[in-house]
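Peer 1: This is the content of upload-v8.pdb (PDB, C-alpha atoms):
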ATOM      1  CA  MET D   1     -58.103   6.758  -0.727  1.00  0.00           C
ATOM      2  CA  SER D   2     -61.242   7.229   1.356  1.00  0.00           C
ATOM      3  CA  GLU D   3     -60.980   8.922   4.731  1.00  0.00           C
ATOM      4  CA  PRO D   4     -62.212   5.872   6.649  1.00  0.00           C
ATOM      5  CA  THR D   5     -59.510   3.748   5.009  1.00  0.00           C
ATOM      6  CA  GLU D   6     -56.849   6.322   5.824  1.00  0.00           C
ATOM      7  CA  GLN D   7     -57.993   6.396   9.451  1.00  0.00           C
ATOM      8  CA  ARG D   8     -58.021   2.608   9.585  1.00  0.00           C
ATOM      9  CA  ILE D   9     -54.445   2.551   8.291  1.00  0.00           C
ATOM     10  CA  LYS D  10     -53.375   5.103  10.908  1.00  0.00           C
ATOM     11  CA  ASP D  11     -55.051   3.046  13.641  1.00  0.00           C
ATOM     12  CA  ILE D  12     -53.400  -0.167  12.422  1.00  0.00           C
ATOM     13  CA  ILE D  13     -49.963   1.468  12.392  1.00  0.00           C
ATOM     14  CA  ALA D  14     -50.495   3.025  15.813  1.00  0.00           C
ATOM     15  CA  GLY D  15     -51.829  -0.258  17.125  1.00  0.00           C
ATOM     16  CA  SER D  16     -48.527  -2.099  17.313  1.00  0.00           C
ATOM     17  CA  ASP D  17     -44.865  -1.306  17.891  1.00  0.00           C
ATOM     18  CA  VAL D  18     -43.844  -3.312  14.833  1.00  0.00           C
ATOM     19  CA  GLY D  19     -46.356  -3.726  12.024  1.00  0.00           C
ATOM     20  CA  LEU D  20     -45.746  -5.498   8.732  1.00  0.00           C
ATOM     21  CA  PHE D  21     -48.191  -4.924   5.894  1.00  0.00           C
ATOM     22  CA  MET D  22     -47.702  -8.149   4.005  1.00  0.00           C
ATOM     23  CA  LYS D  23     -49.248 -10.650   1.624  1.00  0.00           C
ATOM     24  CA  GLY D  24     -50.487 -13.534   3.729  1.00  0.00           C
ATOM     25  CA  VAL D  25     -49.920 -14.041   7.429  1.00  0.00           C
ATOM     26  CA  PRO D  26     -46.628 -14.458   9.338  1.00  0.00           C
ATOM     27  CA  THR D  27     -47.087 -18.226   9.576  1.00  0.00           C
ATOM     28  CA  ALA D  28     -47.979 -18.441   5.852  1.00  0.00           C
ATOM     29  CA  PRO D  29     -46.582 -15.607   3.739  1.00  0.00           C
ATOM     30  CA  GLN D  30     -48.025 -15.591   0.207  1.00  0.00           C
ATOM     31  CA  CYS D  31     -45.120 -13.780  -1.445  1.00  0.00           C
ATOM     32  CA  GLY D  32     -41.364 -14.246  -1.319  1.00  0.00           C
ATOM     33  CA  PHE D  33     -40.675 -10.638  -0.417  1.00  0.00           C
ATOM     34  CA  SER D  34     -43.124 -10.698   2.495  1.00  0.00           C
ATOM     35  CA  GLY D  35     -41.643 -14.024   3.581  1.00  0.00           C
ATOM     36  CA  THR D  36     -38.130 -12.543   3.581  1.00  0.00           C
ATOM     37  CA  VAL D  37     -39.106  -9.752   5.973  1.00  0.00           C
ATOM     38  CA  VAL D  38     -40.957 -12.215   8.226  1.00  0.00           C
ATOM     39  CA  GLN D  39     -37.796 -14.359   8.394  1.00  0.00           C
ATOM     40  CA  ILE D  40     -35.656 -11.338   9.257  1.00  0.00           C
ATOM     41  CA  LEU D  41     -38.003 -10.225  12.058  1.00  0.00           C
ATOM     42  CA  ASN D  42     -38.275 -13.776  13.417  1.00  0.00           C
ATOM     43  CA  GLY D  43     -34.506 -14.100  13.229  1.00  0.00           C
ATOM     44  CA  LEU D  44     -34.144 -10.961  15.343  1.00  0.00           C
ATOM     45  CA  GLY D  45     -36.737 -12.303  17.770  1.00  0.00           C
ATOM     46  CA  VAL D  46     -38.889  -9.232  17.240  1.00  0.00           C
ATOM     47  CA  PRO D  47     -42.605  -9.683  17.964  1.00  0.00           C
ATOM     48  CA  PHE D  48     -44.661  -8.036  15.252  1.00  0.00           C
ATOM     49  CA  THR D  49     -48.183  -7.747  13.894  1.00  0.00           C
ATOM     50  CA  GLY D  50     -48.741  -9.067  10.368  1.00  0.00           C
ATOM     51  CA  ILE D  51     -51.405  -7.192   8.432  1.00  0.00           C
ATOM     52  CA  ASN D  52     -52.625  -9.372   5.549  1.00  0.00           C
ATOM     53  CA  VAL D  53     -53.371  -6.939   2.728  1.00  0.00           C
ATOM     54  CA  LEU D  54     -54.725  -9.776   0.598  1.00  0.00           C
ATOM     55  CA  ALA D  55     -57.667  -9.879   2.984  1.00  0.00           C
ATOM     56  CA  ASP D  56     -58.220  -6.117   2.842  1.00  0.00           C
ATOM     57  CA  PRO D  57     -58.127  -4.595  -0.698  1.00  0.00           C
ATOM     58  CA  ASP D  58     -58.778  -1.035   0.556  1.00  0.00           C
ATOM     59  CA  VAL D  59     -55.759  -1.193   2.868  1.00  0.00           C
ATOM     60  CA  ARG D  60     -53.715  -2.941   0.162  1.00  0.00           C
ATOM     61  CA  GLU D  61     -54.114   0.046  -2.137  1.00  0.00           C
ATOM     62  CA  GLY D  62     -54.398   2.731   0.534  1.00  0.00           C
ATOM     63  CA  ILE D  63     -51.093   1.873   2.204  1.00  0.00           C
ATOM     64  CA  LYS D  64     -49.257   2.545  -1.073  1.00  0.00           C
ATOM     65  CA  SER D  65     -50.413   6.147  -1.305  1.00  0.00           C
ATOM     66  CA  PHE D  66     -50.208   6.577   2.483  1.00  0.00           C
ATOM     67  CA  SER D  67     -46.466   5.881   2.451  1.00  0.00           C
ATOM     68  CA  ASN D  68     -45.793   6.867  -1.170  1.00  0.00           C
ATOM     69  CA  TRP D  69     -44.409   3.368  -1.637  1.00  0.00           C
ATOM     70  CA  PRO D  70     -45.812   1.272  -4.512  1.00  0.00           C
ATOM     71  CA  THR D  71     -45.235  -2.240  -3.234  1.00  0.00           C
ATOM     72  CA  ILE D  72     -45.912  -4.663  -0.415  1.00  0.00           C
ATOM     73  CA  PRO D  73     -44.425  -5.578   2.102  1.00  0.00           C
ATOM     74  CA  GLN D  74     -44.077  -2.424   4.138  1.00  0.00           C
ATOM     75  CA  LEU D  75     -42.514  -2.400   7.592  1.00  0.00           C
ATOM     76  CA  TYR D  76     -43.474   0.152  10.265  1.00  0.00           C
ATOM     77  CA  VAL D  77     -41.704   0.563  13.607  1.00  0.00           C
ATOM     78  CA  LYS D  78     -43.272   2.798  16.242  1.00  0.00           C
ATOM     79  CA  GLY D  79     -45.393   4.467  13.583  1.00  0.00           C
ATOM     80  CA  GLU D  80     -42.522   5.167  11.180  1.00  0.00           C
ATOM     81  CA  PHE D  81     -42.153   3.599   7.741  1.00  0.00           C
ATOM     82  CA  VAL D  82     -38.829   1.743   7.680  1.00  0.00           C
ATOM     83  CA  GLY D  83     -38.939   0.275   4.190  1.00  0.00           C
ATOM     84  CA  GLY D  84     -39.898  -2.522   1.874  1.00  0.00           C
ATOM     85  CA  CYS D  85     -38.123  -5.845   1.390  1.00  0.00           C
ATOM     86  CA  ASP D  86     -34.965  -4.468  -0.259  1.00  0.00           C
ATOM     87  CA  ILE D  87     -34.324  -1.818   2.342  1.00  0.00           C
ATOM     88  CA  VAL D  88     -35.132  -4.063   5.332  1.00  0.00           C
ATOM     89  CA  ARG D  89     -32.830  -6.766   3.945  1.00  0.00           C
ATOM     90  CA  GLU D  90     -30.001  -4.269   3.305  1.00  0.00           C
ATOM     91  CA  MET D  91     -30.422  -2.717   6.759  1.00  0.00           C
ATOM     92  CA  PHE D  92     -30.402  -6.190   8.320  1.00  0.00           C
ATOM     93  CA  LYS D  93     -27.193  -7.129   6.465  1.00  0.00           C
ATOM     94  CA  LEU D  94     -25.505  -3.933   7.670  1.00  0.00           C
ATOM     95  CA  GLY D  95     -26.772  -4.313  11.255  1.00  0.00           C
ATOM     96  CA  GLU D  96     -28.766  -1.083  10.891  1.00  0.00           C
ATOM     97  CA  LEU D  97     -32.150  -2.743  11.443  1.00  0.00           C
ATOM     98  CA  ALA D  98     -31.262  -3.960  14.936  1.00  0.00           C
ATOM     99  CA  ALA D  99     -29.899  -0.486  15.713  1.00  0.00           C
ATOM    100  CA  VAL D 100     -33.101   1.232  14.551  1.00  0.00           C
ATOM    101  CA  LEU D 101     -35.241  -1.199  16.568  1.00  0.00           C
ATOM    102  CA  ASN D 102     -33.116  -0.678  19.674  1.00  0.00           C
ATOM    103  CA  ASP D 103     -33.194   3.106  19.218  1.00  0.00           C
ATOM    104  CA  LYS D 104     -36.972   2.936  19.142  1.00  0.00           C
ATOM    105  CA  GLY D 105     -37.136   0.803  22.251  1.00  0.00           C
ATOM    106  CA  VAL D 106     -37.974  -2.490  20.546  1.00  0.00           C
ATOM    107  CA  ALA D 107     -36.113  -5.423  22.095  1.00  0.00           C
ATOM    108  CA  VAL D 108     -33.974  -7.465  19.721  1.00  0.00           C
ATOM    109  CA  ALA D 109     -32.673 -10.961  20.447  1.00  0.00           C
ATOM    110  CA  ALA D 110     -28.920 -11.015  21.007  1.00  0.00           C
ATOM    111  CA  LEU D 111     -27.259 -12.292  17.822  1.00  0.00           C
TER     112      LEU D 111
ATOM    113  CA  MET X   1     -48.361  -7.714 -17.780  1.00  0.00           C
ATOM    114  CA  ALA X   2     -44.637  -7.198 -18.016  1.00  0.00           C
ATOM    115  CA  MET X   3     -41.913  -4.738 -18.893  1.00  0.00           C
ATOM    116  CA  ALA X   4     -38.742  -5.080 -20.953  1.00  0.00           C
ATOM    117  CA  GLY X   5     -35.414  -4.468 -19.242  1.00  0.00           C
ATOM    118  CA  PRO X   6     -34.318  -1.808 -21.748  1.00  0.00           C
ATOM    119  CA  ASP X   7     -37.549   0.115 -21.141  1.00  0.00           C
ATOM    120  CA  ILE X   8     -36.846   0.187 -17.408  1.00  0.00           C
ATOM    121  CA  GLU X   9     -33.289   1.332 -18.046  1.00  0.00           C
ATOM    122  CA  LYS X  10     -34.495   4.037 -20.445  1.00  0.00           C
ATOM    123  CA  LEU X  11     -36.961   5.470 -17.920  1.00  0.00           C
ATOM    124  CA  ILE X  12     -34.307   5.499 -15.196  1.00  0.00           C
ATOM    125  CA  ARG X  13     -31.743   7.145 -17.463  1.00  0.00           C
ATOM    126  CA  GLU X  14     -34.233   9.840 -18.472  1.00  0.00           C
ATOM    127  CA  ALA X  15     -34.699  10.751 -14.826  1.00  0.00           C
ATOM    128  CA  PHE X  16     -31.038  10.340 -13.869  1.00  0.00           C
ATOM    129  CA  PRO X  17     -28.936  11.431 -16.888  1.00  0.00           C
ATOM    130  CA  ASP X  18     -25.667  11.067 -14.925  1.00  0.00           C
ATOM    131  CA  ALA X  19     -26.508   7.669 -13.494  1.00  0.00           C
ATOM    132  CA  HIS X  20     -24.656   4.396 -13.746  1.00  0.00           C
ATOM    133  CA  VAL X  21     -27.515   1.948 -14.317  1.00  0.00           C
ATOM    134  CA  ILE X  22     -27.510  -1.849 -14.400  1.00  0.00           C
ATOM    135  CA  VAL X  23     -30.827  -3.657 -14.912  1.00  0.00           C
ATOM    136  CA  THR X  24     -30.873  -7.443 -14.575  1.00  0.00           C
ATOM    137  CA  ASP X  25     -33.739  -9.768 -15.440  1.00  0.00           C
ATOM    138  CA  LEU X  26     -34.024 -11.965 -12.351  1.00  0.00           C
ATOM    139  CA  ALA X  27     -36.587 -14.457 -13.537  1.00  0.00           C
ATOM    140  CA  GLY X  28     -36.867 -14.135 -17.316  1.00  0.00           C
ATOM    141  CA  ASP X  29     -40.586 -13.404 -17.011  1.00  0.00           C
ATOM    142  CA  GLY X  30     -40.463  -9.643 -17.578  1.00  0.00           C
ATOM    143  CA  ASP X  31     -41.837  -9.128 -14.087  1.00  0.00           C
ATOM    144  CA  HIS X  32     -38.898  -9.570 -11.745  1.00  0.00           C
ATOM    145  CA  TYR X  33     -35.913  -7.320 -12.252  1.00  0.00           C
ATOM    146  CA  GLY X  34     -32.980  -6.050 -10.257  1.00  0.00           C
ATOM    147  CA  ALA X  35     -31.666  -2.547 -10.788  1.00  0.00           C
ATOM    148  CA  ARG X  36     -28.544  -0.885  -9.486  1.00  0.00           C
ATOM    149  CA  VAL X  37     -28.618   2.903  -9.838  1.00  0.00           C
ATOM    150  CA  VAL X  38     -25.700   5.119  -8.821  1.00  0.00           C
ATOM    151  CA  SER X  39     -26.282   8.854  -9.178  1.00  0.00           C
ATOM    152  CA  GLN X  40     -25.215  12.132  -7.629  1.00  0.00           C
ATOM    153  CA  ALA X  41     -28.914  12.967  -7.378  1.00  0.00           C
ATOM    154  CA  PHE X  42     -29.133  10.635  -4.357  1.00  0.00           C
ATOM    155  CA  ALA X  43     -26.641  12.644  -2.339  1.00  0.00           C
ATOM    156  CA  GLY X  44     -28.040  13.451   1.104  1.00  0.00           C
ATOM    157  CA  LYS X  45     -31.160  11.354   0.545  1.00  0.00           C
ATOM    158  CA  SER X  46     -32.274   8.466   2.747  1.00  0.00           C
ATOM    159  CA  ARG X  47     -32.568   4.998   1.220  1.00  0.00           C
ATOM    160  CA  ILE X  48     -36.348   5.332   1.217  1.00  0.00           C
ATOM    161  CA  GLN X  49     -36.134   8.659  -0.606  1.00  0.00           C
ATOM    162  CA  GLN X  50     -33.643   7.240  -3.106  1.00  0.00           C
ATOM    163  CA  HIS X  51     -35.899   4.311  -3.914  1.00  0.00           C
ATOM    164  CA  GLN X  52     -38.945   6.610  -4.123  1.00  0.00           C
ATOM    165  CA  MET X  53     -37.039   8.710  -6.667  1.00  0.00           C
ATOM    166  CA  VAL X  54     -36.461   5.626  -8.817  1.00  0.00           C
ATOM    167  CA  TYR X  55     -40.089   4.538  -8.460  1.00  0.00           C
ATOM    168  CA  ALA X  56     -41.146   8.012  -9.575  1.00  0.00           C
ATOM    169  CA  ALA X  57     -38.902   7.655 -12.638  1.00  0.00           C
ATOM    170  CA  LEU X  58     -40.821   4.507 -13.553  1.00  0.00           C
ATOM    171  CA  LYS X  59     -43.976   6.595 -13.879  1.00  0.00           C
ATOM    172  CA  GLY X  60     -46.414   4.376 -12.062  1.00  0.00           C
ATOM    173  CA  GLN X  61     -45.192   1.115 -13.613  1.00  0.00           C
ATOM    174  CA  MET X  62     -43.828  -0.108 -10.282  1.00  0.00           C
ATOM    175  CA  GLY X  63     -46.370  -2.375  -8.651  1.00  0.00           C
ATOM    176  CA  ALA X  64     -48.385  -2.358 -11.896  1.00  0.00           C
ATOM    177  CA  ALA X  65     -46.707  -3.669 -15.056  1.00  0.00           C
ATOM    178  CA  LEU X  66     -43.623  -4.296 -12.979  1.00  0.00           C
ATOM    179  CA  HIS X  67     -44.262  -6.697 -10.114  1.00  0.00           C
ATOM    180  CA  ALA X  68     -40.868  -6.716  -8.523  1.00  0.00           C
ATOM    181  CA  LEU X  69     -37.762  -4.559  -8.774  1.00  0.00           C
ATOM    182  CA  ALA X  70     -34.938  -5.394  -6.406  1.00  0.00           C
ATOM    183  CA  LEU X  71     -33.394  -1.959  -6.030  1.00  0.00           C
ATOM    184  CA  GLU X  72     -29.890  -0.965  -5.025  1.00  0.00           C
ATOM    185  CA  THR X  73     -29.139   2.753  -5.038  1.00  0.00           C
ATOM    186  CA  GLY X  74     -26.114   4.808  -4.122  1.00  0.00           C
ATOM    187  CA  VAL X  75     -24.000   7.899  -4.675  1.00  0.00           C
ATOM    188  CA  PRO X  76     -20.811   7.731  -6.776  1.00  0.00           C
ATOM    189  CA  LYS X  77     -17.763   7.219  -4.547  1.00  0.00           C
TER     190      LYS X  77
END
What's the structure tokens form of this structure?
Peer 2:
Amino acid sequence: MSEPTEQRIKDIIAGSDVGLFMKGVPTAPQCGFSGTVVQILNGLGVPFTGINVLADPDVREGIKSFSNWPTIPQLYVKGEFVGGCDIVREMFKLGELAAVLNDKGVAVAAL
Amino acid sequence: MAMAGPDIEKLIREAFPDAHVIVTDLAGDGDHYGARVVSQAFAGKSRIQQHQMVYAALKGQMGAALHALALETGVPK
């Protein structure tokens, strides 16, 4: 990964409390896994930034080596990688996702 | 591109000789699988680390030949 791409990724992650590297945009996910995470975040009432990797091939590949995670989507909260679709879904089911968001000072809608 | 279920299972078993492994073909297209891997090797590891360990076992196939792998990992009870 080139240095400019790595810096761009760091800036994107630092640029929002909750950032979702995804295929498509929040209003039109282009992949079922990305769509699942969007639904979970919307269900928790958590505002987030969707980063459409389909529109940015360098970031699409760079994010995988950046996080040592081979797939998209990838969820970041306050700069920390939380997981891909499986882990976010499992955490949501167990109530851990809301706890992590609260711990990091991200408001979650009362369920 | 695609992978066969038994090949996925073989790679996982090579990396986790003690593991209980179940690989299911979710879509019948050789591209969407589920895998449940239970191994002592995951003890003390976060979920992210556990999944990264399985991805490493797949030797770069994840996200390449293998489009989707719904992973469930855990430590033997």
Peer 1: Please return, as a PyMOL selection string, all residues of chain D lying within 12 Å of chain X when all atoms listed in the file are considered.
Peer 2: chain D and resi 31-34+60-61+64-65+67-75+80-91
Peer 1: Of the candidates X:Leu58, X:Glu9, X:Ala2, X:Ala19, which shows the shortest atom-to-atom distance to Val37 of chain X, using all atoms listed in the file?
Peer 2: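 Closest candidate: X:Ala19.
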Peer 1: Kindly give the distance, in Å, that separates atom CA of Ala15 of chain X and atom CA of Ala43 of chain X, rounded to a single decimal.
Peer 2: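 That distance, rounded to one decimal, is 15.0 Å.
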Peer 1: So how far away is atom CA of Thr36 of chain D from atom CA of Ala41 of chain X, in Å?
Peer 2: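 According to the coordinates, atom CA of Ala41 of chain X and atom CA of Thr36 of chain D are separated by 29.3 Å.
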Peer 1: Would you kindly return, as a list in words, each protein, DNA or RNA residue with an atom no farther than 6 Å from any atom of segment 41-50 of chain D, considering all atoms listed in the file and excluding same-chain residues fewer than 2 positions away?
Peer 2: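 Result of the neighbour search: Val18, Gly19, Leu20, Val25, Pro26, Val38, Gln39, Val108 and Ala109 of chain D.
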Peer 1: Record the distance separating atom CA of Val106 of chain D and atom CA of Ile12 of chain D, expressed in Å with one decimal.
Peer 2: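 Those two atoms sit 17.6 Å apart.
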Peer 1: Measuring atom to atom with only C-alpha atoms, identify which of X:Val21, X:Ile12, X:Val75, X:Met3 is nearest to Ser39 of chain X.
Peer 2: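 Answer, going by the shortest atom-to-atom distance: X:Val75.
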Peer 1: Counting all atoms listed in the file, what is within 12 Å of Asp29 of chain X, bar same-chain residues fewer than 2 positions away, as a PyMOL selection string?
Peer 2: chain X and resi 1-5+24-27+31-33+65-68
Peer 1: With all atoms listed in the file as the atoms that count, which of X:Gln50, X:Gly30, X:Val23, X:Thr73 lies nearest to Leu11 of chain X?
Peer 2: X:Val23
Peer 1: So which residues get picked by the PyMOL selection byres ((chain D and resi 10) around 12) here, written as a list in words?
Peer 2: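 Residues picked by the PyMOL selection byres ((chain D and resi 10) around 12): Glu3, Pro4, Thr5, Glu6, Gln7, Arg8, Ile9, Asp11, Ile12, Ile13, Ala14, Gly15, Ser16, Gly19, Val59, Gly62, Ile63, Phe66, Ser67, Tyr76, Lys78, Gly79, Glu80 and Phe81 of chain D.
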Peer 1: When you write segment 12-31 of chain D out from the block above, keep N, CA, C and O atoms and present the result as a PDB file, in the first residue's frame, please.
Peer 2:
ATOM      1  N   ILE D  12      -9.376   9.182   7.102  1.00  0.00           N
ATOM      2  CA  ILE D  12     -10.796   8.795   7.005  1.00  0.00           C
ATOM      3  C   ILE D  12     -11.259   8.229   8.349  1.00  0.00           C
ATOM      4  O   ILE D  12     -12.301   8.611   8.889  1.00  0.00           O
ATOM      5  N   ILE D  13     -10.447   7.350   8.923  1.00  0.00           N
ATOM      6  CA  ILE D  13     -10.832   6.717  10.194  1.00  0.00           C
ATOM      7  C   ILE D  13     -10.915   7.758  11.299  1.00  0.00           C
ATOM      8  O   ILE D  13     -11.862   7.787  12.085  1.00  0.00           O
ATOM      9  N   ALA D  14      -9.941   8.680  11.299  1.00  0.00           N
ATOM     10  CA  ALA D  14      -9.932   9.711  12.347  1.00  0.00           C
ATOM     11  C   ALA D  14     -11.046  10.738  12.127  1.00  0.00           C
ATOM     12  O   ALA D  14     -11.456  11.438  13.040  1.00  0.00           O
ATOM     13  N   GLY D  15     -11.565  10.758  10.920  1.00  0.00           N
ATOM     14  CA  GLY D  15     -12.511  11.808  10.551  1.00  0.00           C
ATOM     15  C   GLY D  15     -13.921  11.626  11.056  1.00  0.00           C
ATOM     16  O   GLY D  15     -14.751  12.533  10.979  1.00  0.00           O
ATOM     17  N   SER D  16     -14.222  10.433  11.598  1.00  0.00           N
ATOM     18  CA  SER D  16     -15.590  10.271  12.127  1.00  0.00           C
ATOM     19  C   SER D  16     -15.578   9.311  13.303  1.00  0.00           C
ATOM     20  O   SER D  16     -14.749   8.402  13.368  1.00  0.00           O
ATOM     21  N   ASP D  17     -16.521   9.516  14.234  1.00  0.00           N
ATOM     22  CA  ASP D  17     -16.588   8.637  15.400  1.00  0.00           C
ATOM     23  C   ASP D  17     -16.867   7.199  14.979  1.00  0.00           C
ATOM     24  O   ASP D  17     -16.269   6.248  15.483  1.00  0.00           O
ATOM     25  N   VAL D  18     -17.797   7.050  14.049  1.00  0.00           N
ATOM     26  CA  VAL D  18     -18.167   5.707  13.573  1.00  0.00           C
ATOM     27  C   VAL D  18     -18.022   5.700  12.056  1.00  0.00           C
ATOM     28  O   VAL D  18     -18.714   6.455  11.370  1.00  0.00           O
ATOM     29  N   GLY D  19     -17.128   4.891  11.567  1.00  0.00           N
ATOM     30  CA  GLY D  19     -16.877   4.825  10.120  1.00  0.00           C
ATOM     31  C   GLY D  19     -17.049   3.410   9.614  1.00  0.00           C
ATOM     32  O   GLY D  19     -16.548   2.467  10.237  1.00  0.00           O
ATOM     33  N   LEU D  20     -17.794   3.250   8.553  1.00  0.00           N
ATOM     34  CA  LEU D  20     -18.026   1.912   7.987  1.00  0.00           C
ATOM     35  C   LEU D  20     -17.491   1.867   6.561  1.00  0.00           C
ATOM     36  O   LEU D  20     -18.042   2.515   5.661  1.00  0.00           O
ATOM     37  N   PHE D  21     -16.406   1.145   6.383  1.00  0.00           N
ATOM     38  CA  PHE D  21     -15.890   0.888   5.030  1.00  0.00           C
ATOM     39  C   PHE D  21     -16.818  -0.171   4.436  1.00  0.00           C
ATOM     40  O   PHE D  21     -16.934  -1.276   4.992  1.00  0.00           O
ATOM     41  N   MET D  22     -17.489   0.194   3.377  1.00  0.00           N
ATOM     42  CA  MET D  22     -18.550  -0.680   2.869  1.00  0.00           C
ATOM     43  C   MET D  22     -18.568  -0.657   1.349  1.00  0.00           C
ATOM     44  O   MET D  22     -17.916   0.163   0.706  1.00  0.00           O
ATOM     45  N   LYS D  23     -19.351  -1.584   0.792  1.00  0.00           N
ATOM     46  CA  LYS D  23     -19.597  -1.577  -0.654  1.00  0.00           C
ATOM     47  C   LYS D  23     -20.918  -0.871  -0.868  1.00  0.00           C
ATOM     48  O   LYS D  23     -21.957  -1.332  -0.416  1.00  0.00           O
ATOM     49  N   GLY D  24     -20.837   0.274  -1.567  1.00  0.00           N
ATOM     50  CA  GLY D  24     -22.029   1.088  -1.779  1.00  0.00           C
ATOM     51  C   GLY D  24     -22.089   2.189  -0.737  1.00  0.00           C
ATOM     52  O   GLY D  24     -21.107   2.483  -0.043  1.00  0.00           O
ATOM     53  N   VAL D  25     -23.278   2.788  -0.647  1.00  0.00           N
ATOM     54  CA  VAL D  25     -23.474   3.867   0.333  1.00  0.00           C
ATOM     55  C   VAL D  25     -24.589   3.443   1.290  1.00  0.00           C
ATOM     56  O   VAL D  25     -25.372   2.544   0.959  1.00  0.00           O
ATOM     57  N   PRO D  26     -24.658   4.064   2.478  1.00  0.00           N
ATOM     58  CA  PRO D  26     -25.647   3.639   3.476  1.00  0.00           C
ATOM     59  C   PRO D  26     -27.078   3.544   2.923  1.00  0.00           C
ATOM     60  O   PRO D  26     -27.830   2.640   3.288  1.00  0.00           O
ATOM     61  N   THR D  27     -27.437   4.453   2.036  1.00  0.00           N
ATOM     62  CA  THR D  27     -28.811   4.401   1.507  1.00  0.00           C
ATOM     63  C   THR D  27     -28.944   3.358   0.393  1.00  0.00           C
ATOM     64  O   THR D  27     -30.047   3.006  -0.002  1.00  0.00           O
ATOM     65  N   ALA D  28     -27.791   2.852  -0.102  1.00  0.00           N
ATOM     66  CA  ALA D  28     -27.856   1.842  -1.186  1.00  0.00           C
ATOM     67  C   ALA D  28     -26.650   0.914  -1.103  1.00  0.00           C
ATOM     68  O   ALA D  28     -25.739   0.975  -1.925  1.00  0.00           O
ATOM     69  N   PRO D  29     -26.649   0.039  -0.080  1.00  0.00           N
ATOM     70  CA  PRO D  29     -25.535  -0.914   0.023  1.00  0.00           C
ATOM     71  C   PRO D  29     -25.502  -1.828  -1.195  1.00  0.00           C
ATOM     72  O   PRO D  29     -26.553  -2.200  -1.724  1.00  0.00           O
ATOM     73  N   GLN D  30     -24.306  -2.187  -1.643  1.00  0.00           N
ATOM     74  CA  GLN D  30     -24.179  -3.025  -2.852  1.00  0.00           C
ATOM     75  C   GLN D  30     -23.797  -4.460  -2.517  1.00  0.00           C
ATOM     76  O   GLN D  30     -23.393  -5.217  -3.400  1.00  0.00           O
ATOM     77  N   CYS D  31     -23.896  -4.793  -1.215  1.00  0.00           N
ATOM     78  CA  CYS D  31     -23.500  -6.160  -0.812  1.00  0.00           C
ATOM     79  C   CYS D  31     -24.274  -6.481   0.446  1.00  0.00           C
ATOM     80  O   CYS D  31     -24.447  -5.613   1.306  1.00  0.00           O
TER      81      CYS D  31
END
